[in-house]
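Let me begin by presenting the structure, written as structure tokens, before commenting on it.
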Amino acid sequence: MASLYSSLKILTCKNKTCQQFLPLENPKRSANNCSLFSNKKGLILSSQAISTEFSADFPSLSAEIRAVDDQESARELHEIWPEIQGCNNWENLLDPMDPLLRREVIRYGEMAQACYDSFDFDPHSKYCGTCKYQGADFFERLGMGDRGYTVTRFLYATSNINLPNFFQKSKGISSIWSQHANWMGYVSVATDEEEIRRLGRRDIVVAWRGTVTYLEWIHDLKDILHPAYFRDDPSIKIESGFFELYTSKENSCKYSTYSAREQVLAELRRIIHRYRGENLSITVTGHSLGAALALLSAYDIAEMKLNVVEEDDTMIQKIPVTVFSFAGSRVGNLKFKERCDELGIKVLRVINVHDKVPMVPGIITNEKFQYQKYLEDAISFPWSYAHVGVELALDHSHSPFLKNNGDIRGAHNLEVHLHLLDGFHGKNKDFSLETKRDIALVNKSCDALKGDYGVPPFWWQDQHKGMTRSSDGRWALPERTCIEAHPPDTAHHFEQVIKFGRGL
């Protein structure tokens with residue numbers, strides 16, 4: 001395995017406005033001189049951080065499971081990537097769990113987790129609401145420098161909407177970050193040639209941040225459906241809070257002059273045209289509220305035909321759009337679900353059966369209700385919601401490493417979901433960690449691990465909360481380089497998206 005701190009392969013931006021994503025000088029760093037992972041409540045990153053060894057008392061792979069995994073491991077991802085991305089709706093890949101699929105879903109889950117790990121949610125920080133790292137060294141600072149992807153753009157949303165428990169704002173009057181915007185995630189693209197060969201295509205990833213307040217944001221949902229208006233069909237509706245978060249903008253704030261929708265669509269068009277003629281895929285991922293944004297943006301991408309490449313009015317390529325969703329709620333009504341199916345959007349929803357978030361909204365009327373379609377068609381029932389895609393249901397009570405104390409926050413936690421994925425081999429099969437993913441990661445932002453393992457809860461934090469000591473012995477929070485809000489060609493690319501999507 002390549003070093004966690006291997007240098008990031010950086011995309012060479014033709015547009016000078018992308019300079020904030022160019023590599024910093026001497027980006028390489030070793031585990032010995034990297035302070036990022038030191039002093040995490042006493043935890044340190046060892047050379048075995050990704051592979052925790054367990055004694056014979058812990059579960060190990062059964063002979064039956066190993067036989068299946070050995071047979072599957074002979075396959076290469078570049079040969080079957082369309083199946084892994086859901087071209088056949090993951091038929092025969094979930095039970096038993098396909099090893100390649102497991103690794104890829106965990107990988108995308110870690111890209112969603114990167115949004116949490118890099119977000120400044122400290123209300124006492126003057127940078128609260130921002131990403132702690134520059135795009136150029138984003139993955140490297142998170143120990144993901146060997147992933148072969150490059151961040152091309154950060155995504156922002158206005159906080160001037162009625163979701164108070166989602167947005168984080170500084171309590172200090174000296175805040176230099178906007179009180180009207182929050183960092184929402186990022187767009188990245190595979191740029192390392194070895195990784196592209198492994199994947200079998202050049203992959204474009206959109207990762208959306210969830211909420212650091214966990215379940216509190218659920219109370220903000222209005223449970224009111226709003227027409228999507230992305231096409232001329234008002235019967236396709238989505239939850240109004242999600243719609244507002246995705247489409248709102250604030251002209252008084254330079255980071256919110258474009259909505260999250262305009263930002264992501266413009267950036268995807270730029271990347272797709274840059275790599276026109278190559279084999280591409282679009283993968284959207286997110287956890288919790290970020291999972292809702294992932295599905296909504298994937299629908300928007302397909303509805304606006306952004307994944308359709310034409311030449312002389314003839315379609316020459318349809319880029320597959322896949323969503324890997326973690327602990328996501330319902331997003332829209334049955335018509336929304338049916339339209340996603342028509343557009344060929346592939347969605348794999350990873351849930352924990354003890355988590356309450358995937359059950360809302362739509363407690364009264366949802367996809368399990370026999371007469372849902374009649375209610376929507378006949379009386380336009382305003383509280384009708386339906387999940388989209390294929391569900392992979394996990395159960396944290398099956399893991400011998402986790403507490404089973406009814407903690408709803410632990411049940412919703414993304415790292416818990418990734419841990420459960422690593423140990424899931426199919427229904428009625430023993431829980432056994434396949435990749436030996438470090439169990440300490442479970443407790444990064446929760447208290448889900450049993451106390452026997454000696455891992456402190458909520459251990460993920462910056463050393464000294466980001467404070468550094470100067471040569472004169474004084475401590476201070478270093479200034480961060482200002483990141484450009486939006487490239488000047490954003491408006492142009494979004495206009496082209498609208499023009500092509502509406503056939504103008």
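Ordered as shown in the structure tokens, chains take letters A, B, and onward, while each chain numbers its residues from 1 and ligands are numbered from 1 in the order shown.
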
Mind checking which residues fall within 12 Å of segment 308-319 of chain A, counting only C-alpha atoms, ignoring those fewer than 4 positions away in the same chain, and posting them as an NGL selection string?
-> :A and (82 or 85 or 87 or 201-204 or 268-269 or 272-273 or 275-283 or 298 or 301-304 or 343-346 or 497 or 500-501 or 503)

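Using only C-alpha atoms, the residues found no farther than 9 Å from Ala485 of chain A, other than those of its own chain fewer than 2 positions away, are A:Phe154, A:Leu155, A:Tyr156, A:Lys254, A:Tyr255, A:Ser256, A:Thr257, A:Cys482, A:Ile483, A:Pro487.
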
Please, what distance in Å, to one decimal, runs between atom CA of Ala136 of chain A and atom CA of Thr191 of chain A?
->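 Rounded to one decimal, the two atoms are 12.9 Å apart.
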
So how far away is atom CA of Phe401 of chain A from atom CA of Asp430 of chain A, in Å?
->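 If I compute the distance from atom CA of Asp430 of chain A to atom CA of Phe401 of chain A, I get 13.2 Å.
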
Any chance you could list, as number ranges by chain, the residues in segment 314-490 of chain A that come up helix (DSSP H, G or I) when DSSP is run on the backbone?
-> A: 334-343, 357-359, 372-379, 396-398, 408-412, 414-423, 439-444, 451-453, 463-466, 490

Can you pull out every residue within 8 Å of Ala190 of chain A, counting only C-alpha atoms, but drop anything in the same chain fewer than 2 positions away, and send it as a list in words?
-> Gly148, Tyr149, Thr150, Ser188, Asp192, Glu195, Ile196, Arg202, Asp203 and Ile204 of chain A

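Those residues that approach Ala260 of chain A to within 8 Å, counting only C-alpha atoms, are Leu155, Tyr156, Ala157, Leu245, Tyr246, Thr247, Ser248 and Lys249 of chain A; same-chain residues fewer than 5 positions away are not listed.
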
Between A:Val205, A:Ile364, A:Ile106, A:Ile498, which one has atoms that come closest to Phe381 of chain A, using only C-alpha atoms?
->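 Distance minimum relative to Phe381 of chain A lands on A:Ile364.
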
Taken to one decimal, the atom CA of Ala393 of chain A-atom CA of Lys373 of chain A distance is 24.9 Å

With distances taken over only C-alpha atoms, which of A:Ser329, A:Ser252, A:Gln370, A:Ser235 is nearest to Gln179 of chain A?
->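 Under the stated criterion, the closest residue is A:Ser252.
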
Determine, counting only C-alpha atoms, which protein, DNA and RNA residues have an atom within 9 Å of an atom of segment 330-338 of chain A; residues of the same chain fewer than 4 positions away are not included. Present the result as a PyMOL selection string.
-> chain A and resi 225-226+228+235-239+242+292-293+295-296+299+342-343+357-362+366-367+372-373+376+382-389

DSSP strand (DSSP E) residues within segment 183-261 of chain A, as a list in words =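 DSSP-assigned strand (DSSP E) residues in segment 183-261 of chain A: Trp183, Met184, Gly185, Tyr186, Val187, Ser188, Val189, Ala190, Arg202, Asp203, Ile204, Val205, Val206, Ala207, Trp208, Leu225, His226, Pro227, Lys237, Ile238 and Glu239 of chain A.
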
Please write the residues from the selection above to a file, keeping C-alpha atoms, as a PDB file, in the first residue's frame.
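Result file follows (again.pdb):
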ATOM      1  CA  TRP A 183     -18.591  25.238   3.190  1.00  0.00           C
ATOM      2  CA  MET A 184     -20.667  22.363   1.828  1.00  0.00           C
ATOM      3  CA  GLY A 185     -18.282  19.940   0.139  1.00  0.00           C
ATOM      4  CA  TYR A 186     -16.157  19.589  -2.945  1.00  0.00           C
ATOM      5  CA  VAL A 187     -15.834  18.354  -6.512  1.00  0.00           C
ATOM      6  CA  SER A 188     -12.850  16.176  -7.362  1.00  0.00           C
ATOM      7  CA  VAL A 189     -11.618  14.182 -10.327  1.00  0.00           C
ATOM      8  CA  ALA A 190      -9.312  11.187 -10.746  1.00  0.00           C
ATOM      9  CA  ARG A 202     -11.806   8.875 -15.175  1.00  0.00           C
ATOM     10  CA  ASP A 203     -14.117   9.281 -12.190  1.00  0.00           C
ATOM     11  CA  ILE A 204     -15.652  12.623 -11.149  1.00  0.00           C
ATOM     12  CA  VAL A 205     -16.740  12.742  -7.505  1.00  0.00           C
ATOM     13  CA  VAL A 206     -19.077  15.207  -5.812  1.00  0.00           C
ATOM     14  CA  ALA A 207     -19.016  14.895  -2.000  1.00  0.00           C
ATOM     15  CA  TRP A 208     -21.564  16.744   0.138  1.00  0.00           C
ATOM     16  CA  LEU A 225     -43.035  19.219  -0.765  1.00  0.00           C
ATOM     17  CA  HIS A 226     -41.872  21.815  -3.273  1.00  0.00           C
ATOM     18  CA  PRO A 227     -41.935  21.456  -7.094  1.00  0.00           C
ATOM     19  CA  LYS A 237     -41.496  17.445  -5.876  1.00  0.00           C
ATOM     20  CA  ILE A 238     -38.777  17.494  -3.232  1.00  0.00           C
ATOM     21  CA  GLU A 239     -38.704  18.451   0.432  1.00  0.00           C
TER      22      GLU A 239
END
